[in-house]
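Shown next, in structure tokens, is the structure this report addresses.
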Protein chains: 2
Amino acid sequence: MSRIRFALAQINPIVGDIAGNSRLIVDAVIEASTNSASAVAFPEMALTGYPIEDLAFNRDFVRESMTGVEQLARVLRDEGAGDIAVVVGYIRESDEASHGGAIAHNSLAVIFDGKVVATYDKQHLPNYSVFDEQRVFNPGSTDCAVTIGGVRTGLLICEDLWRDDGPTARMSQTEKDVVLVINASPYERTKDDKRMPLMSHRAIEFGSPLLYVNLVGGQDDLVFDGDSAVTDATGTLIARAPRFTSSILYADVDGSAPDVGLDVRPQELSTPVDTGDLDDNDQLDDVWDALVLGLRDYTTKNSFPSIVLGLSGGIDSAVCAVLAADAIGASTVFGVSMPSKWSSDHSQSDAQELADNLGCHYVVEPIAGLVEPLESQLSLAGLAAENVQARVRGVILMAKSNQSGHLVLTTGNKSEVAVGYSTMYGDTVGGFAPLKDVPKTLVWALAERRNDRARRAGEVPPIPANSISKPPSAELRPDQTDQDSLPDYETLDAILEGLIDERRTVAEIVADGYDAETVKRVAHLVRISEWKRRQGAIGPRISAMAFGRERRLPITVRRTTL
Amino acid sequence: MSRIRFALAQINPIVGDIAGNSRLIVDAVIEASTNSASAVAFPEMALTGYPIEDLAFNRDFVRESMTGVEQLARVLRDEGAGDIAVVVGYIRESDEASHGGAIAHNSLAVIFDGKVVATYDKQHLPNYSVFDEQRVFNPGSTDCAVTIGGVRTGLLICEDLWRDDGPTARMSQTEKDVVLVINASPYERTKDDKRMPLMSHRAIEFGSPLLYVNLVGGQDDLVFDGDSAVTDATGTLIARAPRFTSSILYADVDGSAPDVGLDVRPQELSTPVDTGDLDDNDQLDDVWDALVLGLRDYTTKNSFPSIVLGLSGGIDSAVCAVLAADAIGASTVFGVSMPSKWSSDHSQSDAQELADNLGCHYVVEPIAGLVEPLESQLSLAGLAAENVQARVRGVILMAKSNQSGHLVLTTGNKSEVAVGYSTMYGDTVGGFAPLKDVPKTLVWALAERRNDRARRAGEVPPIPANSISKPPSAELRPDQTDQDSLPDYETLDAILEGLIDERRTVAEIVADGYDAETVKRVAHLVRISEWKRRQGAIGPRISAMAFGRERRLPITVRRTTL
């Protein structure tokens with residue numbers, strides 16, 4: 001009976017950067033080899049980054065991926081790691097193009113002794129939610145298993161594991177010691193509820209331990225949480241990598257015996273394993289970490305040196321500023337207070353207090369002298385006058401970005417984005433929207449929790465208490481509050497969750513006890529603001545129904561309900 | 001041997017408006033019945049509009065479609081048209097949801113005597129280009145033919161016809177007198193090169209005449225051109241409906257004989273049939289008509305009373321203004337000249353001349369007094385100062401929209417959109433971008449052709465000669481021209497067509513004789529401006545590779561080439 005050590009290396013690649021991603025892979029293999037690993041597994045499409053979308057149609061890129069994996073094999077051997085089996089996700093040219101023009105497979109390569117010794121093409125291609133894989137890839141049709149140092153290892157890629165038919169069904173009938181599945185599975189607040197039971201269920205079905213390695217990092221609107229894990233043959237979760245950070249998880253696997261044993265020693269070799277359930281605070285921390293990672297990776301992978309955002313004294317901009325500081329450090333965060341004649345005194349003092357707490361840059365740019373010539377020349381009043389204030393603020397932030405190369409943050413939250421409570425080309429200005437998928441009620445909970453974390457760490461809670469407690473207001477006219485035009489946020493968010501996240505009908509939500517007129521009005525607002533969302537900045541997805549590629553609706557629709 | 005008259009009714013529905021679309025259908029059936037039609041066919045998803053995207057996941061909407069078709073059957077009988085066979089596209093609930101959550105089929109119903117007598121579910125679901133049908137629909141698995149007054153009629157839906165396997169293969173083996181295919185096939189400049197040969201090829205393969213009915217109208221970024229047509233059993237095109245307008249085409253079909261004859265008398269019953277090839281001018285006219293239809297339908301289906309746009313004196317804004325006047329009439333088009341201190345004299349005189357030619361509203365809003373306070377307070381210079389001018393113009397146009405409810409047009413062309421030659425939240429402001437898919441060189445050709453059409457009609461050519469002949473300039477600094485930063489437009493458009501429309505590699509384009517550094521720079525500009533395109537207004541698609549849902553690329557990509 002043989003025993004070998006598997007390393008599950010959750011790395012953070014950059015889409016397109018095959019040279020850079022290869023370096024991450026080589027470094028991780030060398031680190032794992034010093035910890036006696038004989039096999040190292042990397043996530044789905046670790047070599048190319050994920051998702052690559054229509055880059056899959058680019059013949060140059062497909063060829064770069066194929067030569068890249070051969071090159072990787074040679075480099076690994078040259079650096080003394082040729083005797084380690086490496087399993088890595090990449091893309092591979094198909095024998096022929098599909099009717100729709102797809103030319104590549106979503107594949108894995110098994111590398112050993114300087115060569116690619118086996119490949120496997122993903123058989124089930126997800127084409128729902130954020131995924132368009134039937135558009136860009138051709139499915140594989142052949143199963144794959146390899147024996148690594150006496151350990152018979154079945155291989156799967158991501159969606160394969162989620163489907164009962166095809167490769168999982170055949171895998172259950174196959175003699176093997178372990179099943180390894182490589183993944184690029186994005187974070188969702190409730191995904192643990194699905195991913196962990198699935199692993200357990202499949203391990204039992206397979207009658208073998210299951211090794212699960214997942215991507216980590218932000219890629220545009222998606223955040224990959226890592227959270228690689230191992231279950232034994234009884235479906236019990238016995239090891240788990242940290243979330244939202246690059247890491248290697250080790251598992252020793254026995255081979256060639258019908259009743260395999262699995263010995264995992266993560267404590268000796270890796271960061272501490274937490275196999276327990278997440279409580280509410282853990283889940284808030286996960287959301288926070290996902291938002292920070294998504295923002296950090298968007299900023300750094302696109303080479304922005306710094307971030308600028310408007311600080312209104314309100315909760316959304318305060319939370320965005322803290323996220324920015326957590327992501328890239330307060331010394332490269334620039335807050336701008338842009339008071340108008342309608343701004344309350346606290347809007348400036350709260351913003352100032354936030355900036356002081358964080359230690360970020362802070363400047364005040366009053367807008368009255370900029371708005372007045374526009375109001376006067378264009379004879380503005382009412383909504384037009386309100387919106388001009390927001391748009392002048394957008395002009396200021398973009399000017400500062402043009403001057404200094406800052407990434408501009410859009411601070412709107414999911415509740416606002418849903419009902420179109422924003423000024424186009426005003427507060428919607430920016431390249432990244434950290435709270436785009438965070439409902440207002442969750443923004444408050446995150447703020448409280450972040451302040452609690454600071455207190456427990458002996459730090460000053462960054463978010464001013466007044467920013468959390470005061471009634472939300474756009475302050476575009478005297479004494480305005482959000483609730484002049486919207487239901488209270490508890491109600492609004494509950495209705496929105498029903499309409500959007502749960503795809504429930506107006507009638508079903510009304511049956512839960514919500515006021516019919518209110519539900520209809522919210523549904524109407526959601527529908528008519530689709531054109532705004534189409535022009536909105538991207539932001540990190542934390543739900544199972546984020547605005548963007550996951551929810552594709554026409555702008556032109558004539559209906560009375562959603 | 002029987003003979004019946006088919007009517008192919010190309011109508012212009014609105015997505016979601018089942019009641020309104022039903023009315024269009026009933027009206028067309030009654031009109032066709034007065035012309036002795038025994039069968040009337042409507043396009044794919046004529047009842048619901050197309051494409052509905054993720055509305056297909058909405059259970060309410062699926063039910064509305066199913067009850068709507070039953071209701072339509074009753075109304076037709078009540079209005080005395082129960083003895084006419086009506087074939088209409090709609091959506092139908094599936095027996096079970098797919099793994100990805102799809103709950104509906106893309107279907108057709110055959111209605112007769114107040115009832116749905118047969119249904120057919122589309123078997124091939126396109127999932128490439130602009131189509132996401134494997135995401136939102138479940139495929140059918142059963143073929144369908146009906147006998148209408150002795151004429152054995154095989155039925156297909158759109159993509160079914162484009163694929164060699166499945167329903168077309170079986171149709172070839174089936175005894176039938178005619179094949180009817182209902183479609184929602186969007187216009188592309190070169191689609192005739194594909195659609196007409198396909199019809200001919202299939203008719204020969206089927207050994208029977210082929211009736212093809214297609215949707216007409218604009219739906220967000222898609223324009224459906226109608227162009228319904230009939231071929232005989234030898235594959236010869238013998239009747240063709242007009243393009244870009246609602247219309248009914250008639251065809252008399254003989255039934256129940258193995259060698260069927262087809263007698264079409266469109267001259268007596270319909271608009272004149274043009275079965276000839278399109279020359280270059282016809283193709284320019286088609287593009288113009290597509291742009292007008294797309295703009296008109298976006299404006300009217302979304303209930304905008306009027307259109308506003310900036311008039312710079314340049315060619316793009318001039319062409320947009322003429323398109324707007326052609327779409328909704330000059331009396332509801334509002335042009336705004338917004339000269340800066342860098343604007344040439346001709347920028348205002350050319351804009352004024354255009355407005356005079358068109359008879360649209362025209363107002364001058366100088367921006368110097370609005371820009372100066374921003375420049376001064378923010379110490380702007382260089383790019384930041386240039387962009388502020390464009391952004392102040394955006395603020396002005398949006399203010400006018402807020403005041404009067406106008407739709408704001410974005411006047412940028414495809415060449416600019418491709419390389420990001422625009423100021424975000426400046427000239428990109430607006431709800432609809434008529435030239436988004438029109439390269440600059442084609443903008444010039446369209447302008448010349450539109451002026452020619454005016455001359456031939458004895459009208460004043462609307463576009464000032466100077467707007468066509470002068471070198472393009474953003475006029476954001478003294479003596480600026482586009483060619484300070486870009487290759488000449490002939491070269492740029494040729495490179496862009498290779499990179500984008502033809503998905504060719506940089507190396508392939510360089511091999512054609514283009515300068516390597518220039519091609520690389522253009523590819524780089526295309527890549528780094530993806531974030532701008534994500535926030536851009538939609539515009540009518542006229543190519544087979546428009547920016548938008550057809551070309552899905554990450555923002556975050558680290559590569560040196562496309």
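Naming scheme: A, B, ... for chains in displayed order of the structure tokens; residues 1 onward per chain; ligands 1 onward as shown.
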If we count only C-alpha atoms and set the cut-off at 12 Å, which residues sit around Glu490 of chain B, ignoring sequence neighbours fewer than 6 positions away in its own chain? Please answer as a PyMOL selection string. chain B and resi 415+439-444+483+496-497+514
Can I get the residues of chain B within 6 Å of chain A, each with the closest pair of atoms and their distance in Å to one decimal, using only C-alpha atoms, sorted chain first then ascending number, as a tab-separated table?
residue	atom	partner	partner_atom	distance
B:Val15	CA	A:Val557	CA	5.0
B:Gly16	CA	A:Arg558	CA	5.2
B:Asp17	CA	A:Arg558	CA	5.2
B:Glu53	CA	A:Leu553	CA	5.5
B:Asp54	CA	A:Arg552	CA	5.4
B:Gly100	CA	A:Tyr128	CA	5.1
B:Asn127	CA	A:Arg135	CA	5.6
B:Tyr128	CA	A:Gly100	CA	5.1
B:Arg135	CA	A:Tyr128	CA	5.5
B:Leu370	CA	A:Pro373	CA	5.9
B:Pro373	CA	A:Leu370	CA	5.9
B:Ala384	CA	A:Asn402	CA	5.1
B:Ala399	CA	A:Ala384	CA	5.3
B:Asn402	CA	A:Ala384	CA	5.1
B:Gln403	CA	A:Ala384	CA	5.9
B:Tyr425	CA	A:Tyr425	CA	5.6
B:Gln535	CA	A:Gln535	CA	3.9
B:Gly536	CA	A:Gln535	CA	5.7
B:Arg552	CA	A:Asp54	CA	5.4
B:Leu553	CA	A:Asp54	CA	5.5
B:Val557	CA	A:Val15	CA	5.1
B:Arg558	CA	A:Asp17	CA	5.2
B:Arg559	CA	A:Gly16	CA	5.6
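Residues within 10 Å of Ile111 of chain B, counting only C-alpha atoms and excluding same-chain residues fewer than 6 positions away, are Ala39, Val40, Val69, Glu70, Leu72, Ala73, Arg74, Leu76, Arg77, Gly82, Asp83, Ile84, Ala85, Val86, Val87, Val88, Val117, Ala118 and Thr119 of chain B.
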Selected residues, N, CA, C and O atoms, written as a PDB file, in the first residue's frame, please.
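So result_5.pdb came out as:
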ATOM      1  N   ALA B  39     -54.378  30.546 -44.516  1.00  0.00           N
ATOM      2  CA  ALA B  39     -53.408  30.325 -43.441  1.00  0.00           C
ATOM      3  C   ALA B  39     -52.564  31.592 -43.299  1.00  0.00           C
ATOM      4  O   ALA B  39     -52.173  32.191 -44.302  1.00  0.00           O
ATOM      5  N   VAL B  40     -52.321  32.008 -42.053  1.00  0.00           N
ATOM      6  CA  VAL B  40     -51.502  33.200 -41.807  1.00  0.00           C
ATOM      7  C   VAL B  40     -50.400  32.820 -40.830  1.00  0.00           C
ATOM      8  O   VAL B  40     -50.669  32.267 -39.759  1.00  0.00           O
ATOM      9  N   VAL B  69     -52.144  32.907 -25.806  1.00  0.00           N
ATOM     10  CA  VAL B  69     -52.363  32.252 -27.094  1.00  0.00           C
ATOM     11  C   VAL B  69     -53.753  31.606 -27.145  1.00  0.00           C
ATOM     12  O   VAL B  69     -54.400  31.601 -28.197  1.00  0.00           O
ATOM     13  N   GLU B  70     -54.220  31.126 -25.992  1.00  0.00           N
ATOM     14  CA  GLU B  70     -55.585  30.583 -25.933  1.00  0.00           C
ATOM     15  C   GLU B  70     -56.610  31.705 -26.157  1.00  0.00           C
ATOM     16  O   GLU B  70     -57.592  31.554 -26.891  1.00  0.00           O
ATOM     17  N   LEU B  72     -56.036  34.490 -27.716  1.00  0.00           N
ATOM     18  CA  LEU B  72     -55.928  34.895 -29.119  1.00  0.00           C
ATOM     19  C   LEU B  72     -56.794  34.006 -30.006  1.00  0.00           C
ATOM     20  O   LEU B  72     -57.493  34.495 -30.914  1.00  0.00           O
ATOM     21  N   ALA B  73     -56.765  32.707 -29.729  1.00  0.00           N
ATOM     22  CA  ALA B  73     -57.570  31.769 -30.522  1.00  0.00           C
ATOM     23  C   ALA B  73     -59.059  32.123 -30.413  1.00  0.00           C
ATOM     24  O   ALA B  73     -59.787  32.153 -31.412  1.00  0.00           O
ATOM     25  N   ARG B  74     -59.495  32.420 -29.185  1.00  0.00           N
ATOM     26  CA  ARG B  74     -60.913  32.759 -28.997  1.00  0.00           C
ATOM     27  C   ARG B  74     -61.269  34.060 -29.689  1.00  0.00           C
ATOM     28  O   ARG B  74     -62.310  34.181 -30.328  1.00  0.00           O
ATOM     29  N   LEU B  76     -59.850  35.416 -32.270  1.00  0.00           N
ATOM     30  CA  LEU B  76     -59.885  35.220 -33.724  1.00  0.00           C
ATOM     31  C   LEU B  76     -61.220  34.607 -34.154  1.00  0.00           C
ATOM     32  O   LEU B  76     -61.818  35.032 -35.147  1.00  0.00           O
ATOM     33  N   ARG B  77     -61.676  33.610 -33.395  1.00  0.00           N
ATOM     34  CA  ARG B  77     -62.967  33.004 -33.742  1.00  0.00           C
ATOM     35  C   ARG B  77     -64.095  34.018 -33.568  1.00  0.00           C
ATOM     36  O   ARG B  77     -64.951  34.158 -34.440  1.00  0.00           O
ATOM     37  N   GLY B  82     -62.158  32.283 -37.364  1.00  0.00           N
ATOM     38  CA  GLY B  82     -61.936  30.944 -36.823  1.00  0.00           C
ATOM     39  C   GLY B  82     -61.592  29.919 -37.883  1.00  0.00           C
ATOM     40  O   GLY B  82     -60.969  28.888 -37.601  1.00  0.00           O
ATOM     41  N   ASP B  83     -61.962  30.185 -39.130  1.00  0.00           N
ATOM     42  CA  ASP B  83     -61.710  29.211 -40.204  1.00  0.00           C
ATOM     43  C   ASP B  83     -60.358  29.431 -40.881  1.00  0.00           C
ATOM     44  O   ASP B  83     -60.071  28.829 -41.907  1.00  0.00           O
ATOM     45  N   ILE B  84     -59.556  30.305 -40.327  1.00  0.00           N
ATOM     46  CA  ILE B  84     -58.209  30.521 -40.860  1.00  0.00           C
ATOM     47  C   ILE B  84     -57.207  29.847 -39.936  1.00  0.00           C
ATOM     48  O   ILE B  84     -57.300  29.962 -38.715  1.00  0.00           O
ATOM     49  N   ALA B  85     -56.269  29.136 -40.536  1.00  0.00           N
ATOM     50  CA  ALA B  85     -55.202  28.522 -39.740  1.00  0.00           C
ATOM     51  C   ALA B  85     -54.153  29.602 -39.448  1.00  0.00           C
ATOM     52  O   ALA B  85     -53.659  30.257 -40.367  1.00  0.00           O
ATOM     53  N   VAL B  86     -53.843  29.782 -38.172  1.00  0.00           N
ATOM     54  CA  VAL B  86     -52.874  30.806 -37.783  1.00  0.00           C
ATOM     55  C   VAL B  86     -51.695  30.123 -37.091  1.00  0.00           C
ATOM     56  O   VAL B  86     -51.887  29.334 -36.163  1.00  0.00           O
ATOM     57  N   VAL B  87     -50.504  30.411 -37.564  1.00  0.00           N
ATOM     58  CA  VAL B  87     -49.287  29.865 -36.961  1.00  0.00           C
ATOM     59  C   VAL B  87     -48.565  31.027 -36.295  1.00  0.00           C
ATOM     60  O   VAL B  87     -48.214  32.014 -36.959  1.00  0.00           O
ATOM     61  N   VAL B  88     -48.352  30.917 -34.988  1.00  0.00           N
ATOM     62  CA  VAL B  88     -47.794  32.066 -34.263  1.00  0.00           C
ATOM     63  C   VAL B  88     -46.751  31.611 -33.249  1.00  0.00           C
ATOM     64  O   VAL B  88     -46.931  30.592 -32.571  1.00  0.00           O
ATOM     65  N   VAL B 117     -54.516  23.840 -31.990  1.00  0.00           N
ATOM     66  CA  VAL B 117     -54.667  22.465 -32.478  1.00  0.00           C
ATOM     67  C   VAL B 117     -53.337  21.731 -32.564  1.00  0.00           C
ATOM     68  O   VAL B 117     -53.306  20.505 -32.689  1.00  0.00           O
ATOM     69  N   ALA B 118     -52.225  22.452 -32.523  1.00  0.00           N
ATOM     70  CA  ALA B 118     -50.908  21.800 -32.535  1.00  0.00           C
ATOM     71  C   ALA B 118     -49.884  22.780 -31.971  1.00  0.00           C
ATOM     72  O   ALA B 118     -50.064  24.000 -32.056  1.00  0.00           O
ATOM     73  N   THR B 119     -48.840  22.223 -31.371  1.00  0.00           N
ATOM     74  CA  THR B 119     -47.726  23.072 -30.938  1.00  0.00           C
ATOM     75  C   THR B 119     -46.421  22.400 -31.363  1.00  0.00           C
ATOM     76  O   THR B 119     -46.364  21.187 -31.562  1.00  0.00           O
TER      77      THR B 119
END
Polymer residues at most 12 Å from Arg92 of chain A, only C-alpha atoms, same-chain spacing of 5 or more positions, as a JSON list (two decimals) with N, CA and C atoms, in the first residue's frame:
[["chain", "number", "residue", "atom", "x", "y", "z"],
["A", 45, "MET", "N", -8.63, 26.22, -15.02],
["A", 45, "MET", "CA", -8.11, 27.32, -15.84],
["A", 45, "MET", "C", -7.15, 28.23, -15.07],
["A", 47, "LEU", "N", -4.06, 28.35, -15.44],
["A", 47, "LEU", "CA", -3.03, 28.88, -16.33],
["A", 47, "LEU", "C", -3.49, 30.11, -17.09],
["A", 48, "THR", "N", -4.77, 30.17, -17.42],
["A", 48, "THR", "CA", -5.31, 31.25, -18.26],
["A", 48, "THR", "C", -6.03, 32.32, -17.46],
["A", 56, "ALA", "N", -11.95, 32.96, -25.44],
["A", 56, "ALA", "CA", -11.87, 31.56, -25.86],
["A", 56, "ALA", "C", -11.97, 31.41, -27.37],
["A", 57, "PHE", "N", -12.46, 32.45, -28.07],
["A", 57, "PHE", "CA", -12.53, 32.40, -29.53],
["A", 57, "PHE", "C", -11.23, 32.87, -30.19],
["A", 58, "ASN", "N", -10.31, 33.35, -29.40],
["A", 58, "ASN", "CA", -9.07, 33.93, -29.91],
["A", 58, "ASN", "C", -8.04, 32.82, -30.13],
["A", 59, "ARG", "N", -7.76, 32.52, -31.39],
["A", 59, "ARG", "CA", -6.86, 31.39, -31.70],
["A", 59, "ARG", "C", -5.47, 31.59, -31.11],
["A", 60, "ASP", "N", -5.01, 32.84, -31.14],
["A", 60, "ASP", "CA", -3.71, 33.12, -30.54],
["A", 60, "ASP", "C", -3.70, 32.69, -29.07],
["A", 61, "PHE", "N", -4.76, 33.06, -28.38],
["A", 61, "PHE", "CA", -4.79, 32.79, -26.95],
["A", 61, "PHE", "C", -4.88, 31.29, -26.66],
["A", 62, "VAL", "N", -5.67, 30.58, -27.46],
["A", 62, "VAL", "CA", -5.77, 29.13, -27.29],
["A", 62, "VAL", "C", -4.39, 28.49, -27.51],
["A", 63, "ARG", "N", -3.70, 28.97, -28.53],
["A", 63, "ARG", "CA", -2.36, 28.42, -28.79],
["A", 63, "ARG", "C", -1.39, 28.77, -27.65],
["A", 64, "GLU", "N", -1.51, 30.01, -27.16],
["A", 64, "GLU", "CA", -0.63, 30.39, -26.04],
["A", 64, "GLU", "C", -0.87, 29.49, -24.84],
["A", 65, "SER", "N", -2.11, 29.11, -24.60],
["A", 65, "SER", "CA", -2.43, 28.24, -23.48],
["A", 65, "SER", "C", -1.79, 26.86, -23.69],
["A", 66, "MET", "N", -1.86, 26.36, -24.92],
["A", 66, "MET", "CA", -1.33, 25.01, -25.20],
["A", 66, "MET", "C", 0.19, 25.00, -25.16],
["A", 67, "THR", "N", 0.81, 26.02, -25.74],
["A", 67, "THR", "CA", 2.28, 26.05, -25.64],
["A", 67, "THR", "C", 2.68, 26.39, -24.21],
["A", 68, "GLY", "N", 1.84, 27.17, -23.53],
["A", 68, "GLY", "CA", 2.14, 27.55, -22.15],
["A", 68, "GLY", "C", 2.22, 26.35, -21.23],
["A", 69, "VAL", "N", 1.34, 25.38, -21.42],
["A", 69, "VAL", "CA", 1.34, 24.23, -20.51],
["A", 69, "VAL", "C", 2.54, 23.32, -20.81],
["A", 70, "GLU", "N", 2.96, 23.25, -22.08],
["A", 70, "GLU", "CA", 4.16, 22.48, -22.42],
["A", 70, "GLU", "C", 5.39, 23.15, -21.81],
["A", 102, "ALA", "N", -17.15, 27.87, -31.31],
["A", 102, "ALA", "CA", -16.25, 27.55, -30.20],
["A", 102, "ALA", "C", -15.11, 26.66, -30.70],
["A", 103, "ILE", "N", -13.89, 26.98, -30.29],
["A", 103, "ILE", "CA", -12.73, 26.25, -30.81],
["A", 103, "ILE", "C", -11.92, 25.58, -29.71],
["A", 104, "ALA", "N", -12.35, 25.70, -28.46],
["A", 104, "ALA", "CA", -11.52, 25.21, -27.35],
["A", 104, "ALA", "C", -12.31, 24.37, -26.36],
["A", 105, "HIS", "N", -11.56, 23.56, -25.63],
["A", 105, "HIS", "CA", -12.09, 22.85, -24.47],
["A", 105, "HIS", "C", -11.60, 23.52, -23.19],
["A", 106, "ASN", "N", -12.41, 23.42, -22.16],
["A", 106, "ASN", "CA", -12.00, 23.77, -20.80],
["A", 106, "ASN", "C", -11.39, 22.49, -20.22],
["A", 107, "SER", "N", -10.08, 22.48, -20.04],
["A", 107, "SER", "CA", -9.37, 21.22, -19.85],
["A", 107, "SER", "C", -8.47, 21.23, -18.62],
["A", 108, "LEU", "N", -7.96, 20.04, -18.30],
["A", 108, "LEU", "CA", -6.86, 19.97, -17.35],
["A", 108, "LEU", "C", -5.75, 19.15, -17.98],
["A", 109, "ALA", "N", -4.52, 19.44, -17.57],
["A", 109, "ALA", "CA", -3.37, 18.66, -17.99],
["A", 109, "ALA", "C", -2.74, 18.04, -16.75],
["A", 119, "THR", "N", -4.60, 14.44, -20.50],
["A", 119, "THR", "CA", -5.47, 15.63, -20.50],
["A", 119, "THR", "C", -6.91, 15.16, -20.32],
["A", 120, "TYR", "N", -7.72, 16.07, -19.83],
["A", 120, "TYR", "CA", -9.15, 15.79, -19.65],
["A", 120, "TYR", "C", -9.92, 17.06, -20.00],
["A", 121, "ASP", "N", -11.00, 16.89, -20.77],
["A", 121, "ASP", "CA", -11.84, 18.03, -21.14],
["A", 121, "ASP", "C", -13.14, 17.98, -20.34],
["A", 122, "LYS", "N", -13.49, 19.11, -19.75],
["A", 122, "LYS", "CA", -14.72, 19.23, -18.96],
["A", 122, "LYS", "C", -15.91, 18.78, -19.81],
["A", 137, "PHE", "N", -17.06, 27.17, -25.11],
["A", 137, "PHE", "CA", -16.28, 25.93, -25.10],
["A", 137, "PHE", "C", -17.04, 24.79, -25.77],
["A", 138, "ASN", "N", -16.30, 23.80, -26.20],
["A", 138, "ASN", "CA", -16.87, 22.54, -26.64],
["A", 138, "ASN", "C", -16.74, 21.52, -25.51],
["A", 139, "PRO", "N", -17.75, 20.69, -25.30],
["A", 139, "PRO", "CA", -17.68, 19.72, -24.20],
["A", 139, "PRO", "C", -16.75, 18.56, -24.52],
["A", 140, "GLY", "N", -16.15, 18.00, -23.51],
["A", 140, "GLY", "CA", -15.38, 16.77, -23.68],
["A", 140, "GLY", "C", -16.30, 15.56, -23.64]]
DSSP on the backbone, strand (DSSP E or B) only: what residues of segment 30-149 of chain B does that give? Format it as a VMD selection string. chain B and resid 39 to 41 85 to 93 104 to 112 115 to 121 137 145 to 148
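Going from atom CA of Ala239 of chain A to atom CA of Ala7 of chain A covers 11.9 Å.
If you measure from each of B:Asp232, B:Pro197, B:Phe206, B:Ser38 to Pro167 of chain B using only C-alpha atoms, the closest one turns out to be B:Phe206.
Distance-wise, atom CA of Lys436 of chain A and atom CA of Gly513 of chain A end up 27.6 Å apart.
Our summary of the geometry notes that atom CA of Asp164 of chain B is positioned 12.6 Å from atom CA of Met199 of chain B.
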Looking only at helix (DSSP H, G or I) from DSSP on the backbone, list the matching residues of segment 27-196 of chain A as number ranges by chain. A: 27-34, 53-57, 59-78, 133-136, 159-162, 167-172, 192-196
Neighbours of Gly149 of chain B within 12 Å (only C-alpha atoms; same-chain residues fewer than 3 positions away dropped), as a PyMOL selection string? chain B and resi 1-6+37-39+83-85+112+146+152-153+177+252-256
Quick one: everything within 9 Å of Leu210 of chain A, counting only C-alpha atoms, minus sequence neighbours fewer than 2 positions away in the same chain. Send it as an MDAnalysis selection string. chainID A and resid 178:181 199:200 202:203 206 208 212 229:233 235
Pull N, CA and C atoms from the residues just selected and write them as a CSV table (one decimal), in the first residue's frame.
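Final file, part-v2.csv:
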chain,number,residue,atom,x,y,z
A,178,VAL,N,-9.1,7.9,-5.0
A,178,VAL,CA,-9.5,9.3,-4.6
A,178,VAL,C,-10.0,10.0,-5.9
A,179,VAL,N,-10.9,10.9,-5.7
A,179,VAL,CA,-11.3,11.8,-6.8
A,179,VAL,C,-10.9,13.2,-6.5
A,180,LEU,N,-10.3,13.8,-7.6
A,180,LEU,CA,-9.8,15.2,-7.5
A,180,LEU,C,-10.6,16.0,-8.5
A,181,VAL,N,-11.2,17.1,-8.0
A,181,VAL,CA,-12.0,18.0,-8.8
A,181,VAL,C,-11.4,19.4,-8.7
A,199,MET,N,-20.2,18.1,-1.9
A,199,MET,CA,-19.0,17.3,-1.7
A,199,MET,C,-19.2,16.0,-0.9
A,200,SER,N,-19.9,16.2,0.2
A,200,SER,CA,-20.2,15.1,1.1
A,200,SER,C,-21.0,14.0,0.3
A,202,ARG,N,-21.2,13.5,-2.9
A,202,ARG,CA,-20.5,12.8,-4.0
A,202,ARG,C,-19.4,11.8,-3.4
A,203,ALA,N,-18.8,12.2,-2.3
A,203,ALA,CA,-17.8,11.3,-1.7
A,203,ALA,C,-18.4,10.0,-1.3
A,206,PHE,N,-19.1,8.2,-4.5
A,206,PHE,CA,-17.9,7.6,-5.1
A,206,PHE,C,-17.3,6.5,-4.3
A,208,SER,N,-15.1,7.2,-2.0
A,208,SER,CA,-13.7,7.5,-1.9
A,208,SER,C,-13.5,8.9,-1.4
A,212,TYR,N,-10.9,18.8,-3.4
A,212,TYR,CA,-11.6,19.9,-4.1
A,212,TYR,C,-10.7,21.2,-4.0
A,229,ALA,N,-11.1,22.1,-0.1
A,229,ALA,CA,-11.5,21.3,1.0
A,229,ALA,C,-11.3,19.8,0.6
A,230,VAL,N,-11.3,19.0,1.7
A,230,VAL,CA,-11.2,17.5,1.6
A,230,VAL,C,-12.2,16.8,2.4
A,231,THR,N,-12.9,15.9,1.8
A,231,THR,CA,-13.7,15.0,2.6
A,231,THR,C,-13.2,13.6,2.5
A,232,ASP,N,-13.5,12.8,3.6
A,232,ASP,CA,-13.1,11.4,3.5
A,232,ASP,C,-14.2,10.6,2.8
A,233,ALA,N,-14.1,9.3,2.7
A,233,ALA,CA,-15.0,8.5,1.9
A,233,ALA,C,-16.4,8.4,2.6
A,235,GLY,N,-17.9,11.0,3.5
A,235,GLY,CA,-18.5,12.3,3.3
A,235,GLY,C,-18.2,13.4,4.3
